[in-house]
Amino acid sequence: MTKALWWIRRDLRLADNQTLVTALSQADHIYPIFILDPNLLESAYVGQKRLAFLFDGLRHLSAQLKAKGSYLTVRHGDVRTELKTLLSETGADAIYAQEDVSPYARRRDSHIAESLPLRLIPGLTVRHPTAVLKADGKPYTVFTPYSRTWKKQPLPQPKDLLPVPERIPTPQGLRSLPIPTEPALPDTVPFPASEAEAQKRLQNFTGQLQAQLHLVSKTSKKQQKPIYSYAEERDRPDLDGTSCLSPYLRFGMLSARQAVVAAIEAADKASNHPAADSAAVWLNELIWREFYMAILYHFPRVRGYSFREKYDRLPWLNDEADFSAWCQGQTGYPIVDAAMRQLVESGWMHNRTRMIVASFLVKHLLIDWRWGERFFMMHLVDGDPAANNGGWQWTAGTGTDAAPYFRVFNPTRQGQKFDPEGEYVRRWVPELAQLPAKFSHTPWQMPTQLQQKVNCLIGRDYPQPIVDHKSARQRALEAYNQVK
DNA sequence: TTTTGAGTTGTTCGA
DNA sequence: GTCGAACAACTCAAA
């Protein structure tokens with residue numbers, strides 16, 4: 001009887017799991033393992049909300065495994081040591097794990113592979129970072145040509161999705177630590193951590209169901225699925241126009257392939273209608289995810305430095321008080337403050353406002369993008385090293401295919417354009433809840449009498465803007481000019 | 001090797 | 001209020 005370990009990292013699912021299916025095809029018995037890595041638990045980049053989401057996800061996975069005749073074993077400690085111990089306790093002769101792209105994960109895995117029988121299986125992305133290359137064999141650094149090549153290769157089909165295994169045979173007897181209950185996921189975080197929840201959301205968003213998990217599919221056919229209005233509504237933080245699937249993709253409660261297949265199916269069903277274009281916009285976002293994973297894979301230096309070296313010389317001001325105001329949502333710009341409070345409270349931020357607050361930190365306050373990157377990682381449930389780094393470097397203008405340096409988001413204009421009624425601001429900044437829409441994004445312009453009436457004195461109940469837009473913009477342009 | 005066309009997400013200014 | 005141009009070249013990808 002051959003035995004193998006299934007070392008779970010960011011693939012907390014039973015459906016369409018290439019690693020699990022490969023292990024089952026190679027061994028008679030499988031031990032599902034999760035190792036709490038002290039390096040990760042103590043990292044400044046690992047936030048408590050994301051950790052809590054992971055632990056809840058493990059609890060759900062553990063229950064799913066029990067229903068399949070298996071169980072989850074949790075260990076804590078140096079990963080190589082723990083794996084070695086598990087191999088000898090079980091008599092397993094192989095370890096199967098989903099390949100990862102982050103520099104830490106790749107260093108860890110190659111170190112382990114030197115002495116233990118580790119087999120890395122693809123599946124984090126639809127296309128492996130080495131599968132989408134230019135004609136000269138080098139990686140792309142511009143998104144559009146990358147995406148063209150990505151789309152030209154054979155697309156995954158529904159039949160490619162791997163079913164949930166009937167049974168996962170695991171011999172009894174392995175000792176497991178309890179899954180930690182601390183930190184706990186706060187009630188303010190609207191992401192139940194399970195594979196079933198991920199499928200439900202995918203179904204609600206695209207109309208497609210990509211796994212049969214004893215879910216009752218209640219398809220309301222009449223209702224237009226959000227993916228078909230995604231192109232218009234995705235930029236509106238006051239609406240629920242996005243899929244909110246990022247935390248599930250982050251931990252593999254949903255596979256990238258399931259998401260891509262759902263996007264393609266939704267586009268096909270709407271073929272020749274403008275709605276198909278909208279589904280294609282969502283597919284493009286999934287390709288962005290793969291692009292930034294490929295960038296991190298081929299250019300690991302981006303994790304600590306600018307992709308373009310000259311931008312490491314940007315003259316940051318790095319003012320602690322400004323940074324603190326940004327972190328706390330006290331900048332005096334409502335759209336920025338609403339977004340930062342949404343992040344800290346809910347563990348998630350709308351994509352449009354991620355760009356706005358990032359631009360504000362980097363350009364208006366001239367604070368190093370790495371400070372913002374770290375703060376995002378500490379609070380985002382979906383915090384992913386590749387996507388987060390890619391996004392920050394794009395906004396800062398330091399990355400691949402980055403925003404031109406003279407593009408400085410105007411937080412007032414952005415607010416008025418994408419949150420026209422001020423609903424997003426009202427939801428997250430209670431001090432501004434009673435303001436008429438006209439002043440939602442310019443509270444400092446309210447006459448004193450109105451400030452009293454709506455119970456919001458600027459400078460007392462809500463701050464004056466900490467920087468003046470026009471002069472901050474000018475200052476940013478001058479700072480970026482120095483680098484040229 | 002050289003050349004050519006193109007590049008996520010904006011803002012401001014002046015006509 | 002609306003519209004087009006300027007912002008600034010530069011690098012990348014592909015023919």
# chains A, B, ... in the order shown; residues from 1 in each chain; ligands from 1
$ residues_around --residues "stretch 10-14 of chain C" --least-positions-apart "3" --cutoff "12 Å" --atoms "only C-alpha atoms (C1' of nucleotides)" --output "VMD selection string"
(chain A and resid 133 to 136 138 to 146 148 to 149 308 400 to 402 404 484) or (chain B and resid 2 to 7)
$ interface_residues --of "chain B" --to "chain A" --cutoff "9 Å" --atoms "only C-alpha atoms (C1' of nucleotides)" --output "list in words"
DG7, DT8, DT9, DG10 and DT11 of chain B
$ write_last_selection --atoms "N, CA and C atoms (P, O5', C5', C4', C3', O3' and C1' of nucleotides)" --output "mmCIF file, in the first residue's frame"
data_model
loop_
_atom_site.group_PDB
_atom_site.id
_atom_site.type_symbol
_atom_site.label_atom_id
_atom_site.label_comp_id
_atom_site.auth_asym_id
_atom_site.auth_seq_id
_atom_site.Cartn_x
_atom_site.Cartn_y
_atom_site.Cartn_z
ATOM 1 P P DG B 7 -2.694 49.785 -27.213
ATOM 2 O "O5'" DG B 7 -2.040 49.720 -25.771
ATOM 3 C "C5'" DG B 7 -1.100 48.679 -25.480
ATOM 4 C "C4'" DG B 7 -0.341 49.093 -24.245
ATOM 5 C "C3'" DG B 7 -1.178 49.850 -23.219
ATOM 6 O "O3'" DG B 7 -0.735 49.498 -21.923
ATOM 7 C "C1'" DG B 7 0.605 51.201 -23.886
ATOM 8 P P DT B 8 -1.489 48.364 -21.179
ATOM 9 O "O5'" DT B 8 -2.646 49.302 -20.616
ATOM 10 C "C5'" DT B 8 -3.461 48.778 -19.613
ATOM 11 C "C4'" DT B 8 -4.700 49.621 -19.531
ATOM 12 C "C3'" DT B 8 -4.507 50.933 -18.771
ATOM 13 O "O3'" DT B 8 -5.374 51.921 -19.319
ATOM 14 C "C1'" DT B 8 -5.969 49.523 -17.584
ATOM 15 P P DT B 9 -5.169 53.388 -18.798
ATOM 16 O "O5'" DT B 9 -6.205 53.465 -17.601
ATOM 17 C "C5'" DT B 9 -7.578 53.544 -17.910
ATOM 18 C "C4'" DT B 9 -8.385 53.444 -16.642
ATOM 19 C "C3'" DT B 9 -8.063 54.523 -15.586
ATOM 20 O "O3'" DT B 9 -9.277 55.117 -15.191
ATOM 21 C "C1'" DT B 9 -8.203 52.424 -14.606
ATOM 22 P P DG B 10 -9.455 56.686 -15.304
ATOM 23 O "O5'" DG B 10 -8.283 57.003 -14.281
ATOM 24 C "C5'" DG B 10 -7.176 57.682 -14.631
ATOM 25 C "C4'" DG B 10 -6.980 58.917 -13.789
ATOM 26 C "C3'" DG B 10 -8.178 59.860 -13.721
ATOM 27 O "O3'" DG B 10 -8.061 60.657 -12.554
ATOM 28 C "C1'" DG B 10 -6.518 60.754 -15.165
ATOM 29 P P DT B 11 -9.074 61.863 -12.234
ATOM 30 O "O5'" DT B 11 -8.245 63.123 -12.709
ATOM 31 C "C5'" DT B 11 -6.981 63.332 -12.111
ATOM 32 C "C4'" DT B 11 -6.395 64.628 -12.603
ATOM 33 C "C3'" DT B 11 -7.343 65.838 -12.482
ATOM 34 O "O3'" DT B 11 -6.599 66.845 -11.836
ATOM 35 C "C1'" DT B 11 -6.516 65.640 -14.704
#
$ select_by_dssp --residues "stretch 101-238 of chain A" --states "strand (DSSP E)" --output "ChimeraX atom specification"
/A:118-121
$ atom_distance --atom1 "atom C1' of B:DC13" --atom2 "atom CA of A:Thr353"
26.3 Å
$ residues_around --residues "B:DA15" --least-positions-apart "5" --cutoff "12 Å" --atoms "only C-alpha atoms (C1' of nucleotides)" --output "list in words"
DT2, DC3, DG4 and DA5 of chain C
$ atom_distance --atom1 "atom CA of A:Val126" --atom2 "atom CA of A:Phe299"
19.4 Å
$ select_by_dssp --residues "stretch 236-311 of chain A" --states "alpha helix (DSSP H)" --output "count of residues only"
44
$ decode --residues "chain B" --atoms "N, CA and C atoms (P, O5', C5', C4', C3', O3' and C1' of nucleotides)" --output "PDB file, in the first residue's frame"
ATOM      1  P    DT B   1      21.329  42.135 -33.773  1.00  0.00           P
ATOM      2  O5'  DT B   1      21.252  43.420 -34.664  1.00  0.00           O
ATOM      3  C5'  DT B   1      21.824  43.426 -35.962  1.00  0.00           C
ATOM      4  C4'  DT B   1      21.064  44.441 -36.769  1.00  0.00           C
ATOM      5  C3'  DT B   1      20.700  45.715 -35.992  1.00  0.00           C
ATOM      6  O3'  DT B   1      20.933  46.831 -36.814  1.00  0.00           O
ATOM      7  C1'  DT B   1      18.729  44.675 -36.795  1.00  0.00           C
ATOM      8  P    DT B   2      20.632  48.310 -36.290  1.00  0.00           P
ATOM      9  O5'  DT B   2      19.218  48.573 -36.955  1.00  0.00           O
ATOM     10  C5'  DT B   2      19.018  48.238 -38.322  1.00  0.00           C
ATOM     11  C4'  DT B   2      17.592  48.611 -38.690  1.00  0.00           C
ATOM     12  C3'  DT B   2      17.115  49.927 -38.073  1.00  0.00           C
ATOM     13  O3'  DT B   2      16.517  50.705 -39.099  1.00  0.00           O
ATOM     14  C1'  DT B   2      15.605  48.182 -37.519  1.00  0.00           C
ATOM     15  P    DT B   3      15.932  52.132 -38.808  1.00  0.00           P
ATOM     16  O5'  DT B   3      14.375  51.795 -38.784  1.00  0.00           O
ATOM     17  C5'  DT B   3      13.825  50.947 -39.798  1.00  0.00           C
ATOM     18  C4'  DT B   3      12.360  50.690 -39.482  1.00  0.00           C
ATOM     19  C3'  DT B   3      11.602  51.926 -38.979  1.00  0.00           C
ATOM     20  O3'  DT B   3      10.393  52.017 -39.708  1.00  0.00           O
ATOM     21  C1'  DT B   3      11.336  50.139 -37.456  1.00  0.00           C
ATOM     22  P    DT B   4       9.546  53.336 -39.698  1.00  0.00           P
ATOM     23  O5'  DT B   4       8.200  52.804 -39.055  1.00  0.00           O
ATOM     24  C5'  DT B   4       7.712  51.492 -39.423  1.00  0.00           C
ATOM     25  C4'  DT B   4       6.702  51.064 -38.378  1.00  0.00           C
ATOM     26  C3'  DT B   4       5.867  52.222 -37.808  1.00  0.00           C
ATOM     27  O3'  DT B   4       4.510  51.873 -37.903  1.00  0.00           O
ATOM     28  C1'  DT B   4       6.800  50.933 -36.056  1.00  0.00           C
ATOM     29  P    DG B   5       3.393  52.978 -37.793  1.00  0.00           P
ATOM     30  O5'  DG B   5       2.436  52.292 -36.735  1.00  0.00           O
ATOM     31  C5'  DG B   5       2.324  50.857 -36.706  1.00  0.00           C
ATOM     32  C4'  DG B   5       1.904  50.441 -35.315  1.00  0.00           C
ATOM     33  C3'  DG B   5       0.943  51.416 -34.639  1.00  0.00           C
ATOM     34  O3'  DG B   5      -0.102  50.640 -34.082  1.00  0.00           O
ATOM     35  C1'  DG B   5       2.828  51.060 -33.243  1.00  0.00           C
ATOM     36  P    DA B   6      -1.297  51.339 -33.326  1.00  0.00           P
ATOM     37  O5'  DA B   6      -1.016  50.879 -31.831  1.00  0.00           O
ATOM     38  C5'  DA B   6      -0.568  49.546 -31.578  1.00  0.00           C
ATOM     39  C4'  DA B   6      -0.197  49.464 -30.129  1.00  0.00           C
ATOM     40  C3'  DA B   6      -1.131  50.259 -29.211  1.00  0.00           C
ATOM     41  O3'  DA B   6      -1.421  49.455 -28.092  1.00  0.00           O
ATOM     42  C1'  DA B   6       1.102  50.906 -28.838  1.00  0.00           C
ATOM     43  P    DG B   7      -2.694  49.785 -27.213  1.00  0.00           P
ATOM     44  O5'  DG B   7      -2.040  49.720 -25.771  1.00  0.00           O
ATOM     45  C5'  DG B   7      -1.100  48.679 -25.480  1.00  0.00           C
ATOM     46  C4'  DG B   7      -0.341  49.093 -24.245  1.00  0.00           C
ATOM     47  C3'  DG B   7      -1.178  49.850 -23.219  1.00  0.00           C
ATOM     48  O3'  DG B   7      -0.735  49.498 -21.923  1.00  0.00           O
ATOM     49  C1'  DG B   7       0.605  51.201 -23.886  1.00  0.00           C
ATOM     50  P    DT B   8      -1.489  48.364 -21.179  1.00  0.00           P
ATOM     51  O5'  DT B   8      -2.646  49.302 -20.616  1.00  0.00           O
ATOM     52  C5'  DT B   8      -3.461  48.778 -19.613  1.00  0.00           C
ATOM     53  C4'  DT B   8      -4.700  49.621 -19.531  1.00  0.00           C
ATOM     54  C3'  DT B   8      -4.507  50.933 -18.771  1.00  0.00           C
ATOM     55  O3'  DT B   8      -5.374  51.921 -19.319  1.00  0.00           O
ATOM     56  C1'  DT B   8      -5.969  49.523 -17.584  1.00  0.00           C
ATOM     57  P    DT B   9      -5.169  53.388 -18.798  1.00  0.00           P
ATOM     58  O5'  DT B   9      -6.205  53.465 -17.601  1.00  0.00           O
ATOM     59  C5'  DT B   9      -7.578  53.544 -17.910  1.00  0.00           C
ATOM     60  C4'  DT B   9      -8.385  53.444 -16.642  1.00  0.00           C
ATOM     61  C3'  DT B   9      -8.063  54.523 -15.586  1.00  0.00           C
ATOM     62  O3'  DT B   9      -9.277  55.117 -15.191  1.00  0.00           O
ATOM     63  C1'  DT B   9      -8.203  52.424 -14.606  1.00  0.00           C
ATOM     64  P    DG B  10      -9.455  56.686 -15.304  1.00  0.00           P
ATOM     65  O5'  DG B  10      -8.283  57.003 -14.281  1.00  0.00           O
ATOM     66  C5'  DG B  10      -7.176  57.682 -14.631  1.00  0.00           C
ATOM     67  C4'  DG B  10      -6.980  58.917 -13.789  1.00  0.00           C
ATOM     68  C3'  DG B  10      -8.178  59.860 -13.721  1.00  0.00           C
ATOM     69  O3'  DG B  10      -8.061  60.657 -12.554  1.00  0.00           O
ATOM     70  C1'  DG B  10      -6.518  60.754 -15.165  1.00  0.00           C
ATOM     71  P    DT B  11      -9.074  61.863 -12.234  1.00  0.00           P
ATOM     72  O5'  DT B  11      -8.245  63.123 -12.709  1.00  0.00           O
ATOM     73  C5'  DT B  11      -6.981  63.332 -12.111  1.00  0.00           C
ATOM     74  C4'  DT B  11      -6.395  64.628 -12.603  1.00  0.00           C
ATOM     75  C3'  DT B  11      -7.343  65.838 -12.482  1.00  0.00           C
ATOM     76  O3'  DT B  11      -6.599  66.845 -11.836  1.00  0.00           O
ATOM     77  C1'  DT B  11      -6.516  65.640 -14.704  1.00  0.00           C
ATOM     78  P    DT B  12      -7.286  68.205 -11.413  1.00  0.00           P
ATOM     79  O5'  DT B  12      -6.767  69.151 -12.590  1.00  0.00           O
ATOM     80  C5'  DT B  12      -5.375  69.172 -12.871  1.00  0.00           C
ATOM     81  C4'  DT B  12      -5.129  70.044 -14.075  1.00  0.00           C
ATOM     82  C3'  DT B  12      -5.927  71.349 -14.085  1.00  0.00           C
ATOM     83  O3'  DT B  12      -5.006  72.384 -14.345  1.00  0.00           O
ATOM     84  C1'  DT B  12      -6.222  70.188 -16.128  1.00  0.00           C
ATOM     85  P    DC B  13      -5.408  73.896 -14.129  1.00  0.00           P
ATOM     86  O5'  DC B  13      -5.301  74.440 -15.626  1.00  0.00           O
ATOM     87  C5'  DC B  13      -4.270  73.944 -16.485  1.00  0.00           C
ATOM     88  C4'  DC B  13      -4.606  74.322 -17.909  1.00  0.00           C
ATOM     89  C3'  DC B  13      -5.390  75.639 -18.038  1.00  0.00           C
ATOM     90  O3'  DC B  13      -4.788  76.440 -19.039  1.00  0.00           O
ATOM     91  C1'  DC B  13      -6.513  73.889 -19.171  1.00  0.00           C
ATOM     92  P    DG B  14      -5.097  77.992 -19.076  1.00  0.00           P
ATOM     93  O5'  DG B  14      -5.515  78.177 -20.597  1.00  0.00           O
ATOM     94  C5'  DG B  14      -4.954  77.332 -21.604  1.00  0.00           C
ATOM     95  C4'  DG B  14      -5.957  77.189 -22.731  1.00  0.00           C
ATOM     96  C3'  DG B  14      -6.784  78.447 -22.980  1.00  0.00           C
ATOM     97  O3'  DG B  14      -6.953  78.592 -24.381  1.00  0.00           O
ATOM     98  C1'  DG B  14      -8.215  76.649 -22.616  1.00  0.00           C
ATOM     99  P    DA B  15      -7.388  79.963 -25.018  1.00  0.00           P
ATOM    100  O5'  DA B  15      -8.334  79.465 -26.199  1.00  0.00           O
ATOM    101  C5'  DA B  15      -7.926  78.373 -27.028  1.00  0.00           C
ATOM    102  C4'  DA B  15      -9.162  77.688 -27.578  1.00  0.00           C
ATOM    103  C3'  DA B  15     -10.211  78.654 -28.139  1.00  0.00           C
ATOM    104  O3'  DA B  15     -10.645  78.203 -29.405  1.00  0.00           O
ATOM    105  C1'  DA B  15     -11.192  77.216 -26.536  1.00  0.00           C
TER     106       DA B  15
END
